[in-house]
file final.txt (compact mmCIF, C-alpha atoms)
# COMPACT_ATOMS: atom_id res chain seq x y z
CA MET A 1 79.59 70.80 97.40
CA GLN A 2 81.83 70.84 94.36
CA MET A 3 83.05 73.74 92.24
CA GLU A 4 84.16 73.87 88.64
CA PHE A 5 87.47 75.61 88.09
CA SER A 6 89.63 75.43 84.98
CA GLY A 7 87.30 72.81 83.53
CA LYS A 8 87.61 70.49 86.51
CA MET A 9 85.17 69.64 89.28
CA LEU A 10 86.91 70.23 92.59
CA THR A 11 86.11 68.87 96.04
CA PRO A 12 86.74 71.29 98.94
CA ASP A 13 87.98 71.10 102.47
CA VAL A 14 84.87 71.54 104.62
CA ARG A 15 84.51 73.47 107.85
CA ARG A 16 81.75 72.05 110.05
CA LEU A 17 79.95 73.52 113.04
CA TYR A 18 81.64 71.29 115.59
CA ASP A 19 85.05 72.23 114.17
CA MET A 20 84.58 75.71 115.60
CA LYS A 21 82.35 75.18 118.60
CA GLU A 22 84.75 77.17 120.82
CA VAL A 23 84.13 80.41 118.89
CA ILE A 24 80.31 80.34 118.71
CA LEU A 25 78.53 83.04 120.72
CA ASP A 26 75.19 81.27 121.20
CA GLN A 27 76.28 78.29 123.28
CA ASN A 28 72.68 77.48 124.28
CA TRP A 29 71.79 77.08 120.62
CA LEU A 30 74.97 75.09 120.00
CA ALA A 31 74.12 72.61 122.77
CA GLY A 32 71.05 71.52 120.83
CA ALA A 33 72.42 71.86 117.30
CA SER A 34 73.43 68.96 115.09
CA ASP A 35 76.76 69.14 113.31
CA PHE A 36 76.50 70.49 109.76
CA GLU A 37 78.64 71.97 106.99
CA LEU A 38 79.35 75.69 107.31
CA TYR A 39 81.66 76.64 104.47
CA TYR A 40 83.89 75.27 101.76
CA MET A 41 87.57 75.96 101.04
CA PHE A 42 89.11 75.29 97.64
CA ARG A 43 92.85 75.75 98.10
CA ASP A 44 95.83 76.18 95.81
CA LEU A 45 93.96 76.84 92.57
CA SER A 46 95.35 77.73 89.16
CA LEU A 47 93.90 77.97 85.68
CA SER A 48 96.90 76.55 83.88
CA ARG A 49 100.22 74.78 84.41
CA SER A 50 101.97 78.06 83.66
CA ASP A 51 99.98 79.85 86.36
CA LYS A 52 100.76 77.07 88.83
CA GLU A 53 104.47 77.46 88.12
CA LYS A 54 104.25 81.22 88.67
CA LEU A 55 102.49 80.71 91.99
CA LEU A 56 105.16 78.26 93.11
CA GLN A 57 108.00 80.50 91.94
CA ASN A 58 106.55 83.43 93.88
CA ASN A 59 105.62 81.42 96.97
CA LEU A 60 101.93 82.29 96.57
CA ARG A 61 98.65 80.43 96.87
CA TYR A 62 95.27 81.32 95.36
CA ASP A 63 92.16 80.01 97.14
CA ILE A 64 88.39 80.34 96.88
CA THR A 65 86.04 80.03 99.86
CA ILE A 66 82.25 79.66 99.60
CA ILE A 67 80.04 80.52 102.59
CA PRO A 68 76.30 79.87 102.11
CA PRO A 69 73.93 82.09 104.10
CA ASN A 70 73.03 80.76 107.54
CA MET A 71 72.68 81.66 111.20
CA LEU A 72 74.64 80.17 114.08
CA GLY A 73 71.88 80.71 116.58
CA CYS A 74 71.67 84.49 116.94
CA GLU A 75 74.94 85.00 115.07
CA TYR A 76 75.55 85.34 111.35
CA ILE A 77 77.63 82.58 109.82
CA LYS A 78 81.38 83.22 109.88
CA THR A 79 84.80 81.66 109.47
CA ALA A 80 86.73 80.33 112.45
CA GLY A 81 89.15 83.27 112.59
CA HIS A 82 92.93 83.16 112.54
CA TYR A 83 96.16 85.11 112.77
CA HIS A 84 99.25 84.71 110.59
CA PRO A 85 102.77 83.85 111.78
CA ASN A 86 105.82 86.06 111.40
CA ALA A 87 107.65 86.54 108.15
CA ALA A 88 111.14 88.07 108.14
CA GLY A 89 111.81 90.91 110.56
CA GLY A 90 109.05 89.91 112.96
CA VAL A 91 106.33 91.20 110.61
CA THR A 92 103.38 88.86 110.18
CA TYR A 93 102.19 87.82 106.75
CA PRO A 94 99.33 89.79 105.19
CA GLU A 95 96.51 88.41 103.04
CA LEU A 96 94.55 89.82 100.10
CA TYR A 97 90.85 89.05 99.67
CA GLU A 98 88.38 89.64 96.88
CA VAL A 99 84.60 89.31 97.05
CA LEU A 100 83.50 87.46 93.93
CA GLU A 101 79.81 87.14 94.84
CA GLY A 102 77.64 88.28 97.74
CA GLU A 103 78.53 90.54 100.66
CA ALA A 104 81.16 90.18 103.35
CA LEU A 105 82.20 91.62 106.66
CA TYR A 106 85.90 91.28 107.36
CA LEU A 107 86.43 91.70 111.10
CA LEU A 108 90.09 92.62 111.65
CA GLN A 109 91.77 92.88 115.04
CA ASN A 110 95.35 93.32 116.11
CA GLN A 111 96.89 91.11 118.74
CA ASP A 112 96.35 93.35 121.76
CA PHE A 113 92.82 94.36 120.64
CA SER A 114 93.78 98.05 120.55
CA ASP A 115 92.31 98.23 117.04
CA VAL A 116 89.25 96.32 115.88
CA VAL A 117 87.70 97.20 112.54
CA ALA A 118 84.76 95.87 110.53
CA VAL A 119 85.38 96.24 106.80
CA TYR A 120 82.22 96.13 104.68
CA ALA A 121 82.71 94.67 101.21
CA SER A 122 80.58 93.58 98.26
CA ALA A 123 81.19 91.97 94.87
CA GLY A 124 84.30 93.39 93.21
CA ASP A 125 85.78 94.77 96.41
CA LYS A 126 89.27 93.82 97.53
CA VAL A 127 90.34 93.88 101.18
CA LEU A 128 93.92 93.72 102.44
CA VAL A 129 94.51 92.18 105.86
CA PRO A 130 97.70 93.98 106.94
CA PRO A 131 100.49 92.54 109.06
CA GLY A 132 99.68 92.27 112.74
CA TYR A 133 95.98 91.57 112.28
CA GLY A 134 93.86 88.48 112.67
CA HIS A 135 90.57 88.22 110.85
CA VAL A 136 87.15 86.61 110.68
CA THR A 137 84.92 86.70 107.59
CA ILE A 138 81.16 87.00 108.09
CA ASN A 139 78.44 86.40 105.51
CA ARG A 140 76.12 89.27 106.40
CA SER A 141 73.44 88.63 103.77
CA ASN A 142 70.94 86.06 102.57
CA LYS A 143 73.10 85.34 99.53
CA THR A 144 76.01 82.96 99.14
CA LEU A 145 79.37 84.61 99.73
CA LYS A 146 82.12 83.57 97.36
CA MET A 147 85.55 85.07 97.92
CA ALA A 148 89.09 84.55 96.73
CA ASN A 149 92.39 85.17 98.46
CA PHE A 150 96.09 85.43 97.71
CA VAL A 151 98.44 84.50 100.53
CA ALA A 152 102.00 83.28 101.01
CA ARG A 153 101.97 79.50 100.69
CA ASN A 154 104.66 78.60 103.24
CA PHE A 155 102.89 79.03 106.57
CA SER A 156 100.04 77.62 108.63
CA SER A 157 97.30 79.86 110.01
CA LEU A 158 97.10 80.34 113.78
CA TYR A 159 93.60 79.51 115.05
CA GLU A 160 94.35 79.02 118.74
CA PRO A 161 94.17 82.70 119.82
CA TYR A 162 90.56 82.83 118.63
CA ARG A 163 89.70 79.57 120.37
CA GLU A 164 91.28 80.78 123.62
CA ASN A 165 89.09 83.90 123.59
CA ASN A 166 85.96 82.05 122.47
CA GLY A 167 85.89 84.04 119.25
CA ALA A 168 86.80 87.45 117.93
CA ALA A 169 86.51 90.67 119.92
CA TYR A 170 82.97 91.18 118.57
CA PHE A 171 80.16 89.00 117.25
CA PHE A 172 77.80 90.08 114.47
CA THR A 173 74.24 89.05 115.37
CA LYS A 174 70.68 89.68 114.21
CA ASP A 175 70.59 92.45 116.85
CA GLY A 176 73.87 94.00 115.72
CA TRP A 177 77.37 93.84 117.14
CA ILE A 178 77.96 92.27 120.56
CA LYS A 179 81.27 92.59 122.35
CA ASN A 180 82.99 89.39 123.41
CA LYS A 181 83.05 89.19 127.21
CA GLN A 182 86.38 87.40 126.97
CA CYS A 183 87.91 90.53 125.41
CA PRO A 184 86.95 93.38 127.78
CA GLN A 185 90.08 95.30 126.81
CA ALA A 186 89.09 95.44 123.14
CA ALA A 187 88.88 98.89 121.58
CA GLU A 188 85.57 100.25 120.39
CA LEU A 189 84.69 98.71 117.06
CA ARG A 190 85.24 101.03 114.13
CA ARG A 191 83.68 100.68 110.70
CA ALA A 192 85.53 100.93 107.41
CA GLU A 193 84.64 100.51 103.78
CA ALA A 194 86.66 98.43 101.34
CA PRO A 195 89.48 100.42 99.64
CA ASP A 196 88.34 102.88 96.99
CA SER A 197 89.79 103.24 93.50
CA SER A 198 92.76 105.24 94.75
CA GLY A 199 93.67 102.64 97.35
CA LEU A 200 93.21 99.79 94.92
CA ARG A 201 95.51 101.37 92.35
CA LYS A 202 98.35 101.33 94.89
CA LEU A 203 97.97 97.54 94.95
CA GLY A 204 97.67 97.24 91.18
CA LEU A 205 93.97 96.44 91.59
CA SER A 206 90.63 97.60 90.21
CA LYS A 207 87.10 96.88 91.41
CA LYS A 208 86.07 96.04 87.85
CA ARG A 209 88.75 93.42 87.31
CA GLU A 210 89.29 90.19 89.21
CA MET A 211 92.64 89.93 90.97
CA TYR A 212 93.60 86.45 89.72
CA PRO A 213 95.68 87.76 86.72
CA LEU A 214 97.98 89.58 89.17
CA LEU A 215 99.87 86.33 89.66
CA ARG A 216 101.21 86.75 86.11
CA GLU A 217 102.69 90.20 86.86
CA PRO A 218 106.26 89.81 88.15
CA GLY A 219 106.75 91.28 91.60
CA LEU A 220 103.28 92.79 91.92
CA LEU A 221 102.34 90.63 94.90
CA ASN A 222 105.72 90.64 96.63
CA TYR A 223 104.24 92.48 99.60
CA LEU A 224 102.40 89.26 100.50
CA THR A 225 105.59 87.22 100.83
CA ALA A 226 108.09 89.88 101.97
CA PRO A 227 105.93 92.23 104.05
CA GLU A 228 108.92 93.66 105.93
CA GLU A 229 109.90 95.42 102.70
CA HIS A 230 106.52 97.16 102.27
CA LEU A 231 105.63 98.66 105.64
CA GLU A 232 104.80 102.06 104.15
CA LEU A 233 102.23 100.42 101.89
CA PHE A 234 100.49 98.65 104.75
CA ALA A 235 100.26 101.83 106.81
CA GLU A 236 97.64 103.06 104.34
CA PHE A 237 95.38 100.04 104.89
CA VAL A 238 95.13 99.96 108.68
call {"tool": "encode", "arguments": {"input": "final.txt", "output": "structure tokens"}}
result
Amino acid sequence: MQMEFSGKMLTPDVRRLYDMKEVILDQNWLAGASDFELYYMFRDLSLSRSDKEKLLQNNLRYDITIIPPNMLGCEYIKTAGHYHPNAAGGVTYPELYEVLEGEALYLLQNQDFSDVVAVYASAGDKVLVPPGYGHVTINRSNKTLKMANFVARNFSSLYEPYRENNGAAYFFTKDGWIKNKQCPQAAELRRAEAPDSSGLRKLGLSKKREMYPLLREPGLLNYLTAPEEHLELFAEFV
């Protein structure tokens, strides 16, 4: 798959089934499944040289991920799942997502599983993954999910905790949510909707406008790179 962006045809990084075999619920299905492409990651995008310079100056990265509809056995297609490392002050980096097309489930969980939340989002919605939370994205529909994200550019995502637990605390299947047997201590799953207009305004966002132009607003995305300075803001999105 290729994607046109800023007049150029881009080739993505590809996540394949066998890349994330440790986190698949339906291991019987997996044993008989051939390897295939699951989703596509277009990283470090910018529309102009000026935008690229602003991203670099502010230590930010803008990405787009495309997840076609599919089933992984009984489970809806998903990303591998990851946590973020610590920024200053022992606070982990957050991440900001936007659904461009389709429907998404963002399954957030903190590190001790005392809070696990499924955030339902559709086109135009923005979802903030706050410090302290890992996350999996699920395509819950029969339409292609296309989403964008802003994140600090100077760290590597931590996938191993999800691999060690054979996935997230819950799996979303054709029969609904199933708790991961490897996470018996996980809290009861709670449901949340994507932030409403009031919540979005606190982040300088609107459902009607894409978030990409935020990179041109000085300081507006500082909470993504210096989260320790914005703890009161994050408290409203947990």
call {"tool": "atom_distance", "arguments": {"input": "final.txt", "atom1": "atom CA of A:Lys202", "atom2": "atom CA of A:Leu145"}}
result
25.8 Å
call {"tool": "residues_around", "arguments": {"input": "final.txt", "residues": "A:Tyr223", "least_positions_apart": "4", "cutoff": "10 Å", "atoms": "only C-alpha atoms", "output": "ChimeraX atom specification"}}
result
/A:93-95,130,151-152,203,219,227-231,233-234
call {"tool": "closest_residue", "arguments": {"input": "final.txt", "among": "A:Asp26, A:Asp115, A:Asp175, A:Asp19", "to": "A:Arg163", "atoms": "all atoms listed in the file"}}
result
A:Asp19
call {"tool": "atom_distance", "arguments": {"input": "final.txt", "atom1": "atom CA of A:Ile66", "atom2": "atom CA of A:Thr79"}}
result
10.4 Å
call {"tool": "residues_around", "arguments": {"input": "final.txt", "residues": "A:Tyr162", "least_positions_apart": "6", "cutoff": "8 Å", "atoms": "all atoms listed in the file", "output": "PyMOL selection string"}}
result
chain A and resi 23+80-82+168
call {"tool": "atom_distance", "arguments": {"input": "final.txt", "atom1": "atom CA of A:Gly7", "atom2": "atom CA of A:Arg209"}}
result
21.0 Å
call {"tool": "closest_residue", "arguments": {"input": "final.txt", "among": "A:Ala104, A:Val127, A:Leu55, A:Leu224", "to": "A:Asp196", "atoms": "only C-alpha atoms"}}
result
A:Val127
call {"tool": "closest_residue", "arguments": {"input": "final.txt", "among": "A:Met9, A:Val116, A:Met147, A:Leu72", "to": "A:Tyr133", "atoms": "only C-alpha atoms"}}
result
A:Val116
call {"tool": "residues_near_point", "arguments": {"input": "final.txt", "point": "(84.3, 71.5, 104.8)", "cutoff": "9 Å", "atoms": "all atoms listed in the file", "output": "PyMOL selection string"}}
result
chain A and resi 1+12-16+37-41
call {"tool": "residues_around", "arguments": {"input": "final.txt", "residues": "A:Asn58", "least_positions_apart": "6", "cutoff": "12 Å", "atoms": "all atoms listed in the file", "output": "list in words"}}
result
Asp51, Lys52, Phe150, Val151, Ala152, Arg153, Asn154, Leu214, Leu215, Arg216, Glu217, Pro218, Gly219, Leu220, Leu221, Asn222, Tyr223, Leu224, Thr225 and Ala226 of chain A
call {"tool": "closest_residue", "arguments": {"input": "final.txt", "among": "A:Leu47, A:Leu105, A:Ala33, A:Val117", "to": "A:Lys21", "atoms": "all atoms listed in the file"}}
result
A:Ala33
call {"tool": "residues_around", "arguments": {"input": "final.txt", "residues": "A:Asp125", "least_positions_apart": "2", "cutoff": "8 Å", "atoms": "all atoms listed in the file", "output": "ChimeraX atom specification"}}
result
/A:98-99,121-123,127,194-195,207
call {"tool": "closest_residue", "arguments": {"input": "final.txt", "among": "A:Glu164, A:Gln2, A:Asn70, A:Ser46", "to": "A:Pro213", "atoms": "only C-alpha atoms"}}
result
A:Ser46
call {"tool": "closest_residue", "arguments": {"input": "final.txt", "among": "A:Asn165, A:Lys208, A:Ser50, A:Ile67", "to": "A:Gln182", "atoms": "only C-alpha atoms"}}
result
A:Asn165
call {"tool": "axis_aligned_box", "arguments": {"input": "final.txt", "around": "stretch 189-199 of chain A", "padding_each_side": "3 Å", "output": "AutoDock Vina command-line options"}}
result
--center_x 88.7 --center_y 101.8 --center_z 105.3 --size_x 16.0 --size_y 12.8 --size_z 29.6
